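**Q** The structure follows.
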Amino acid sequence: MNILGINAFHGDASAALVVDGQLVAAVEEERFNRIKHWAGFPEESIRWCLHHAGLVAADIDHVAISFNPKANLLKRVGFVATHWPSPSAILDRLKRQGKTLGLEEQFAHAVGIERSAVKAQFHRIEHHQTHVAAGFLISPFDEAAVLSVDGMGDFTSTLTTHAKGTDWQELDRVYFPHSIGFLYTAITMYLGFPFYGDEYKVMGLAPYGEPEFADFFRRMIRPKGDTFELNLEYFTHHKQGVRMSWNDGAPVIEPFYSQRLVDELGPVRDRKAPVTQRHDNIAKSLQVVTEEIIMHLLNRLHAKTKCDNVCMTGGVAMNSVANGKITSQTPFRNVYIPAGAADNGTSFGAAFYVWNHVLKQPRAFVQDHAYWGCASTDEEAIVAADAAGVPYELLDEATVVDRATDLMIDGKVVGWFQGPMEFGARALGNRTLLADPRRTDMRDIINLRIKFREKFRPFAPSILEEQVGEWFEIDEATPYMEKVFPIRKEKHALIPAVTHVDGSGRLQTVSKRTNPLYHRLISRFFEKTGVPIVLNTSLNENEPIVRTPAEAIRCFLRTDMDVIVIGSLLINRHRPDFPDQFRKRVR
C-alpha cells in the first residue's frame, strides 16, 4: 500500500511517501527550486519521493492533501454573514481554495501521465487533522493529549484532542479570526521582519529585552475558558482578510495590525532601521504572553485528559522557547514534537491519517529521526568539485572525523554534508556548519562572514544525548532542536558560542543509533576537548539548506567558510594549491 501525502498552497510545500505504514521519504519543494518557504504544488518533491522508492505513478494507491475547502463550512458561512468581510478578502480566499479542485490534474502533470491514467484515490483532509496525525500517529505514545496550534488552516487556528491508538476525540477548537500564530506574525511584521517565517527572529531577539509591554499584549490576547481570544480592535484580518500570495513562490503576507496598535504601541520599525532596546522589550513581552497562552491551553488540556503525554504540532509548536518550559510549567511529563511540526509536516500527517485513521491499519512506525531526504554519492561530489575547479582530498571515515575535529579546534568553520538530507527547518548534522563552541568570537565570525545575518541570532549546540544532564538543567531528548533549555550556569563560560544571552541553548541531542557518524564526530571532539558539544547551524547562506554537492560547494565558495566535507571529500580553502580567485568569498 503506497500513500503519497502532500502539503500544497501553504508555506513550505512538501511531499512524503508512506509504504505499508512506514515513512520512506519526505522532502520540501524549496530544496529543489531554491525559494525559501515556497508555496505551490510540490511537483519536484513528488517526483523525487517516487524515484527514491522505485515507484511509478501507477503504484500509488492513495494521495492525501492537507487542505479541505469544505471543512468547517457552516462556520465560514456564519462568519461571512455576521462580520461582512471585504469582497476582496472573500475573493482571495475562494481563489486559493479553488486550487485544490484541480488536485488530480496537478498530480497527473507532476508525474507525467494523463489524468485518466491516475489510479489513486484522492483525499482532501482538514488541515488540523493532518497536524494531529503528524504529531500523534508517529509518536511513541499509545495515548496522548494533542495540541495543534498555528496561524490558520481550514478556518481553524487551534485544535485540542485526546488521542488513543489510531483515533482521537476532539475537545476544543479556536476558529478564525482568533489565532496565536496571527498575533505573533502581526508583531513580527510590526518589528520590521516582513518575510514569511521570520517569527524565529523575534524569538531570538526576545532574551535581550524585558517584558515592559506584557500588559499591552495581555490586552491583545486573553484566555477564554479552555482556549483564548484576540482583541480584534488591534487587527484588520477579520474585516480585510490576510492578504497573501501563496502560489508558485515564497509566501508574501501583508501586515494586518490595525492603526490602534500603532497608536498605542508606537511607530513601526522599518526593516533597515536599527533594533533598539524598545524593540527588544516588545519581542520579550510578546514571547512572555505567548507562553502564558500556550501554558493555559496545555494546563486546561491536561485537566481534561489526565494524561502525562502531550504531542505538539502546528507552526506555533516551532516556538522552541515555549516548548522547553512545558514539563516545568504544566503537569505533562513527556513531550513529543515531530520533525516538521509546521505545515511541511502535514504531508506525512496526511499520509498517516489515511493509513491509520481512514484505512484503520495498526500503528507500526515511530519517527525518531529527520533524515528522510536526498542523499549524494562520493562520485557526485567529485564531479561537482571538478566542475567548480577546486582541489580536494578523498579520505576514509576515521580520517574525515579526525581532520574535521582538529580543524574546529583550530578555529575553522567546517561545512558538513553527509548522508540523507534533514526534513524540516533545522539542520541536524547532515547539512550543517560546524564550529568550536568554546570560542567567544565564533558567533560573530559565522554571523558576519558566512551567514550574513543579524548579530542577535543564536547558534545551536549539538550534544551527545548521553551528556545532556551534565550540561543542561533539563535532561530530555531533543533530536530536532525543538526545545530551548537553560544551560547549567557553571558551563556558560565553557561554551560561549552556543550560550544565548539569557543562558539558554536550543539544543539538538545526537543519538549514536540514528546518526552514528555525527555522534562519532562529536565524541571525537569530546575526547580532545572535554566538551561533548559542537556549534551547529544550517549549511546555507540566505537560501534554503543545500541539497546537492554542487550547491554545497557554491555556498562554500561565496562565503568565508574555511573547509567543507562532502561525504569522503575534504575541500580546504587554505591549502597551497587552492585557486586564488576562491580564497576570499565572491558575492
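Chain labels A, B, ... are given in the sequence in which chains occur in the C-alpha cells; within each chain residues are numbered consecutively from 1, and ligands are likewise numbered from 1 in the order shown.
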For range 390-405 of chain A, find every residue with an atom within 6 Å (counting only C-alpha atoms), except residues of its own chain fewer than 3 positions away, and show them as a list in words.
**A**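 The contact residues come out as Ala385, Met408, Leu521, Phe525, Ser568, Leu569, Leu570 and Ile571 of chain A.
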**Q** If you count only C-alpha atoms, which residues fall within 12 Å of Asp215 in chain A, apart from same-chain ones fewer than 5 positions away, as a PyMOL selection string?
**A** chain A and resi 220-222+265+282+284-286+288-289+292
**Q** Please save C-alpha atoms of the selected residues as a compact mmCIF listing (two decimals), in the first residue's frame.
**A**
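What follows is the written file part12.txt:
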```txt
# COMPACT_ATOMS: atom_id res chain seq x y z
CA MET A 220 -4.41 41.91 22.63
CA ILE A 221 -4.93 38.26 23.59
CA ARG A 222 -6.54 36.76 26.66
CA LEU A 265 2.46 50.75 20.89
CA ILE A 282 8.43 44.34 22.63
CA LYS A 284 10.28 39.84 25.08
CA SER A 285 6.77 40.93 26.02
CA LEU A 286 5.27 39.12 23.04
CA VAL A 288 6.12 36.08 27.58
CA VAL A 289 2.41 36.50 26.78
CA GLU A 292 1.21 32.32 29.02
```
**Q** As a ChimeraX atom specification, please: every residue in range 398-543 of chain A that a backbone DSSP assignment puts in alpha helix (DSSP H).
**A** /A:398-409,442-446,468-471,516-529
**Q** Could you pull the residues within 9 Å of Asn319 in chain A, counting only C-alpha atoms, minus those fewer than 4 positions along the same chain, as a PyMOL selection string?
**A** chain A and resi 199-200+203+315+323-324+482-484
**Q** For a quick check of understanding, using only C-alpha atoms, which of A:Pro486, A:Gly424, A:Gly102, A:Pro331 has the smallest distance to Phe472 in chain A?
**A**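 That would be A:Pro486, the residue with the smallest distance to Phe472 in chain A.
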**Q** Name the residues in contact with Ile533 in chain A at a cut-off of 7 Å, using only C-alpha atoms, excluding same-chain residues fewer than 6 positions from it; report them as an mmCIF file with C-alpha atoms, in the first residue's frame.
**A**
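This went into result-v2.cif:
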```cif
data_model
loop_
_atom_site.group_PDB
_atom_site.id
_atom_site.type_symbol
_atom_site.label_atom_id
_atom_site.label_comp_id
_atom_site.auth_asym_id
_atom_site.auth_seq_id
_atom_site.Cartn_x
_atom_site.Cartn_y
_atom_site.Cartn_z
ATOM 1 C CA PRO A 461 24.572 23.255 20.465
ATOM 2 C CA SER A 462 24.571 19.683 19.142
ATOM 3 C CA ILE A 463 25.274 17.491 22.171
ATOM 4 C CA LEU A 464 25.782 13.775 22.714
ATOM 5 C CA ILE A 522 31.120 14.936 18.443
#
```
**Q** How many Å lie between CA of Gln129 in chain A and CA of Arg47 in chain A, rounded to one decimal?
**A**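 Value for the CA of Gln129 in chain A-CA of Arg47 in chain A distance: 25.3 Å.
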**Q** Might you pull out every residue within 10 Å of Asn72 in chain A, with only C-alpha atoms counted and same-chain residues fewer than 5 positions away left off, and present them as a ChimeraX atom specification?
**A** /A:77,126,154-156,175
**Q** For Ile35 in chain A, please output as a PyMOL selection string all residues within 9 Å (counting only C-alpha atoms; exclusion window: fewer than 2 positions along the same chain).
**A** chain A and resi 29-33+37-38+249-250+543-544
**Q** Between A:Val534, A:Val510, A:Met481, A:Ala81, which has the minimum distance to Ile495 in chain A (counting only C-alpha atoms)?
**A** A:Val534
**Q** What gap, in Å, lies between CA of Asp441 in chain A and CA of Asn536 in chain A?
**A**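 According to the coordinates, CA of Asp441 in chain A and CA of Asn536 in chain A are separated by 14.9 Å.
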**Q** Excluding range 5-11 of chain A and any residue of its chain fewer than 3 positions from it, enumerate the residues within 7 Å of it, using only C-alpha atoms, and give them as a PDB file with N, CA and C atoms, in the first residue's frame.
**A**
```
ATOM      1  N   SER A  14       5.477  20.479   0.461  1.00  0.00           N
ATOM      2  CA  SER A  14       6.293  19.278   0.654  1.00  0.00           C
ATOM      3  C   SER A  14       5.527  18.053   0.194  1.00  0.00           C
ATOM      4  N   ALA A  15       6.245  16.942   0.110  1.00  0.00           N
ATOM      5  CA  ALA A  15       5.638  15.643  -0.191  1.00  0.00           C
ATOM      6  C   ALA A  15       6.289  14.587   0.671  1.00  0.00           C
ATOM      7  N   ALA A  16       5.521  13.550   0.995  1.00  0.00           N
ATOM      8  CA  ALA A  16       6.022  12.428   1.791  1.00  0.00           C
ATOM      9  C   ALA A  16       5.389  11.145   1.283  1.00  0.00           C
ATOM     10  N   LEU A  17       6.130  10.066   1.412  1.00  0.00           N
ATOM     11  CA  LEU A  17       5.660   8.770   0.927  1.00  0.00           C
ATOM     12  C   LEU A  17       5.658   7.760   2.062  1.00  0.00           C
ATOM     13  N   HIS A  37      10.630  28.657   1.817  1.00  0.00           N
ATOM     14  CA  HIS A  37       9.230  28.533   2.230  1.00  0.00           C
ATOM     15  C   HIS A  37       8.272  28.445   1.039  1.00  0.00           C
ATOM     16  N   TRP A  38       8.750  27.984  -0.083  1.00  0.00           N
ATOM     17  CA  TRP A  38       7.970  28.012  -1.312  1.00  0.00           C
ATOM     18  C   TRP A  38       6.574  27.426  -1.103  1.00  0.00           C
ATOM     19  N   ALA A  39       5.581  28.121  -1.671  1.00  0.00           N
ATOM     20  CA  ALA A  39       4.194  27.657  -1.623  1.00  0.00           C
ATOM     21  C   ALA A  39       3.720  27.401  -3.044  1.00  0.00           C
ATOM     22  N   GLY A  40       2.996  26.345  -3.223  1.00  0.00           N
ATOM     23  CA  GLY A  40       2.508  25.952  -4.536  1.00  0.00           C
ATOM     24  C   GLY A  40       2.313  24.455  -4.536  1.00  0.00           C
ATOM     25  N   PHE A  41       2.399  23.837  -5.689  1.00  0.00           N
ATOM     26  CA  PHE A  41       2.246  22.390  -5.786  1.00  0.00           C
ATOM     27  C   PHE A  41       3.630  21.746  -5.841  1.00  0.00           C
ATOM     28  N   PRO A  42       3.934  20.782  -4.965  1.00  0.00           N
ATOM     29  CA  PRO A  42       5.312  20.263  -4.835  1.00  0.00           C
ATOM     30  C   PRO A  42       5.659  19.196  -5.872  1.00  0.00           C
ATOM     31  N   VAL A  63      -3.593   9.368  -2.566  1.00  0.00           N
ATOM     32  CA  VAL A  63      -2.954  10.675  -2.492  1.00  0.00           C
ATOM     33  C   VAL A  63      -3.767  11.524  -1.519  1.00  0.00           C
ATOM     34  N   ALA A  64      -3.088  12.083  -0.524  1.00  0.00           N
ATOM     35  CA  ALA A  64      -3.771  12.860   0.513  1.00  0.00           C
ATOM     36  C   ALA A  64      -3.165  14.256   0.585  1.00  0.00           C
ATOM     37  N   ILE A  65      -4.005  15.269   0.620  1.00  0.00           N
ATOM     38  CA  ILE A  65      -3.550  16.655   0.742  1.00  0.00           C
ATOM     39  C   ILE A  65      -4.099  17.251   2.035  1.00  0.00           C
ATOM     40  N   SER A  66      -3.293  18.093   2.670  1.00  0.00           N
ATOM     41  CA  SER A  66      -3.638  18.618   3.995  1.00  0.00           C
ATOM     42  C   SER A  66      -4.432  19.918   3.896  1.00  0.00           C
ATOM     43  N   TRP A 246       0.301  33.015  -2.313  1.00  0.00           N
ATOM     44  CA  TRP A 246       0.744  31.686  -1.898  1.00  0.00           C
ATOM     45  C   TRP A 246       1.301  30.842  -3.032  1.00  0.00           C
ATOM     46  N   ASN A 247       0.938  31.118  -4.243  1.00  0.00           N
ATOM     47  CA  ASN A 247       1.193  30.138  -5.293  1.00  0.00           C
ATOM     48  C   ASN A 247       2.481  30.412  -6.057  1.00  0.00           C
ATOM     49  N   PRO A 251       5.859  32.623   0.064  1.00  0.00           N
ATOM     50  CA  PRO A 251       4.633  33.271   0.519  1.00  0.00           C
ATOM     51  C   PRO A 251       4.898  34.725   0.902  1.00  0.00           C
ATOM     52  N   ASP A 343       3.731  23.448   8.775  1.00  0.00           N
ATOM     53  CA  ASP A 343       2.919  22.944   7.666  1.00  0.00           C
ATOM     54  C   ASP A 343       3.655  21.933   6.800  1.00  0.00           C
ATOM     55  N   ASN A 344       4.995  21.989   6.751  1.00  0.00           N
ATOM     56  CA  ASN A 344       5.727  20.999   5.964  1.00  0.00           C
ATOM     57  C   ASN A 344       5.387  19.574   6.397  1.00  0.00           C
ATOM     58  N   THR A 346       2.627  18.411   7.481  1.00  0.00           N
ATOM     59  CA  THR A 346       1.279  17.923   7.170  1.00  0.00           C
ATOM     60  C   THR A 346       1.284  16.985   5.968  1.00  0.00           C
ATOM     61  N   SER A 347       2.381  16.950   5.207  1.00  0.00           N
ATOM     62  CA  SER A 347       2.451  15.973   4.117  1.00  0.00           C
ATOM     63  C   SER A 347       2.474  14.558   4.676  1.00  0.00           C
ATOM     64  N   PHE A 348       3.378  14.285   5.631  1.00  0.00           N
ATOM     65  CA  PHE A 348       3.351  12.926   6.198  1.00  0.00           C
ATOM     66  C   PHE A 348       2.180  12.764   7.164  1.00  0.00           C
ATOM     67  N   ALA A 350      -0.854  13.839   6.536  1.00  0.00           N
ATOM     68  CA  ALA A 350      -1.951  13.428   5.666  1.00  0.00           C
ATOM     69  C   ALA A 350      -1.823  11.966   5.270  1.00  0.00           C
ATOM     70  N   ALA A 351      -0.596  11.525   4.978  1.00  0.00           N
ATOM     71  CA  ALA A 351      -0.394  10.128   4.577  1.00  0.00           C
ATOM     72  C   ALA A 351      -0.723   9.170   5.721  1.00  0.00           C
TER      73      ALA A 351
END
```
**Q** As a ChimeraX atom specification, please: all residues of range 8-111 of chain A that backbone DSSP puts in strand (DSSP E).
**A** /A:14-19,22-28,62-65
**Q** Go ahead and write the residues just picked, N, CA and C atoms, as a PDB file, in the first residue's frame.
**A**
```
ATOM      1  N   SER A  14       5.477  20.479   0.461  1.00  0.00           N
ATOM      2  CA  SER A  14       6.293  19.278   0.654  1.00  0.00           C
ATOM      3  C   SER A  14       5.527  18.053   0.194  1.00  0.00           C
ATOM      4  N   ALA A  15       6.245  16.942   0.110  1.00  0.00           N
ATOM      5  CA  ALA A  15       5.638  15.643  -0.191  1.00  0.00           C
ATOM      6  C   ALA A  15       6.289  14.587   0.671  1.00  0.00           C
ATOM      7  N   ALA A  16       5.521  13.550   0.995  1.00  0.00           N
ATOM      8  CA  ALA A  16       6.022  12.428   1.791  1.00  0.00           C
ATOM      9  C   ALA A  16       5.389  11.145   1.283  1.00  0.00           C
ATOM     10  N   LEU A  17       6.130  10.066   1.412  1.00  0.00           N
ATOM     11  CA  LEU A  17       5.660   8.770   0.927  1.00  0.00           C
ATOM     12  C   LEU A  17       5.658   7.760   2.062  1.00  0.00           C
ATOM     13  N   VAL A  18       4.510   7.130   2.277  1.00  0.00           N
ATOM     14  CA  VAL A  18       4.356   6.079   3.275  1.00  0.00           C
ATOM     15  C   VAL A  18       4.068   4.776   2.541  1.00  0.00           C
ATOM     16  N   VAL A  19       4.880   3.760   2.781  1.00  0.00           N
ATOM     17  CA  VAL A  19       4.743   2.450   2.139  1.00  0.00           C
ATOM     18  C   VAL A  19       4.482   1.412   3.218  1.00  0.00           C
ATOM     19  N   GLN A  22       5.091   2.616   6.720  1.00  0.00           N
ATOM     20  CA  GLN A  22       6.418   3.117   7.078  1.00  0.00           C
ATOM     21  C   GLN A  22       6.730   4.357   6.242  1.00  0.00           C
ATOM     22  N   LEU A  23       7.204   5.409   6.888  1.00  0.00           N
ATOM     23  CA  LEU A  23       7.664   6.579   6.153  1.00  0.00           C
ATOM     24  C   LEU A  23       8.977   6.234   5.460  1.00  0.00           C
ATOM     25  N   VAL A  24       9.045   6.453   4.157  1.00  0.00           N
ATOM     26  CA  VAL A  24      10.250   6.112   3.414  1.00  0.00           C
ATOM     27  C   VAL A  24      10.900   7.320   2.760  1.00  0.00           C
ATOM     28  N   ALA A  25      10.159   8.439   2.640  1.00  0.00           N
ATOM     29  CA  ALA A  25      10.731   9.627   2.006  1.00  0.00           C
ATOM     30  C   ALA A  25       9.897  10.841   2.389  1.00  0.00           C
ATOM     31  N   ALA A  26      10.579  11.963   2.579  1.00  0.00           N
ATOM     32  CA  ALA A  26       9.892  13.230   2.826  1.00  0.00           C
ATOM     33  C   ALA A  26      10.842  14.363   2.481  1.00  0.00           C
ATOM     34  N   VAL A  27      10.340  15.356   1.748  1.00  0.00           N
ATOM     35  CA  VAL A  27      11.211  16.435   1.292  1.00  0.00           C
ATOM     36  C   VAL A  27      10.362  17.662   0.995  1.00  0.00           C
ATOM     37  N   GLU A  28      10.990  18.838   1.131  1.00  0.00           N
ATOM     38  CA  GLU A  28      10.304  20.102   0.861  1.00  0.00           C
ATOM     39  C   GLU A  28      10.699  20.641  -0.501  1.00  0.00           C
ATOM     40  N   HIS A  62      -3.082   5.860  -2.830  1.00  0.00           N
ATOM     41  CA  HIS A  62      -3.813   6.979  -2.235  1.00  0.00           C
ATOM     42  C   HIS A  62      -2.949   8.229  -2.305  1.00  0.00           C
ATOM     43  N   VAL A  63      -3.593   9.368  -2.566  1.00  0.00           N
ATOM     44  CA  VAL A  63      -2.954  10.675  -2.492  1.00  0.00           C
ATOM     45  C   VAL A  63      -3.767  11.524  -1.519  1.00  0.00           C
ATOM     46  N   ALA A  64      -3.088  12.083  -0.524  1.00  0.00           N
ATOM     47  CA  ALA A  64      -3.771  12.860   0.513  1.00  0.00           C
ATOM     48  C   ALA A  64      -3.165  14.256   0.585  1.00  0.00           C
ATOM     49  N   ILE A  65      -4.005  15.269   0.620  1.00  0.00           N
ATOM     50  CA  ILE A  65      -3.550  16.655   0.742  1.00  0.00           C
ATOM     51  C   ILE A  65      -4.099  17.251   2.035  1.00  0.00           C
TER      52      ILE A  65
END
```
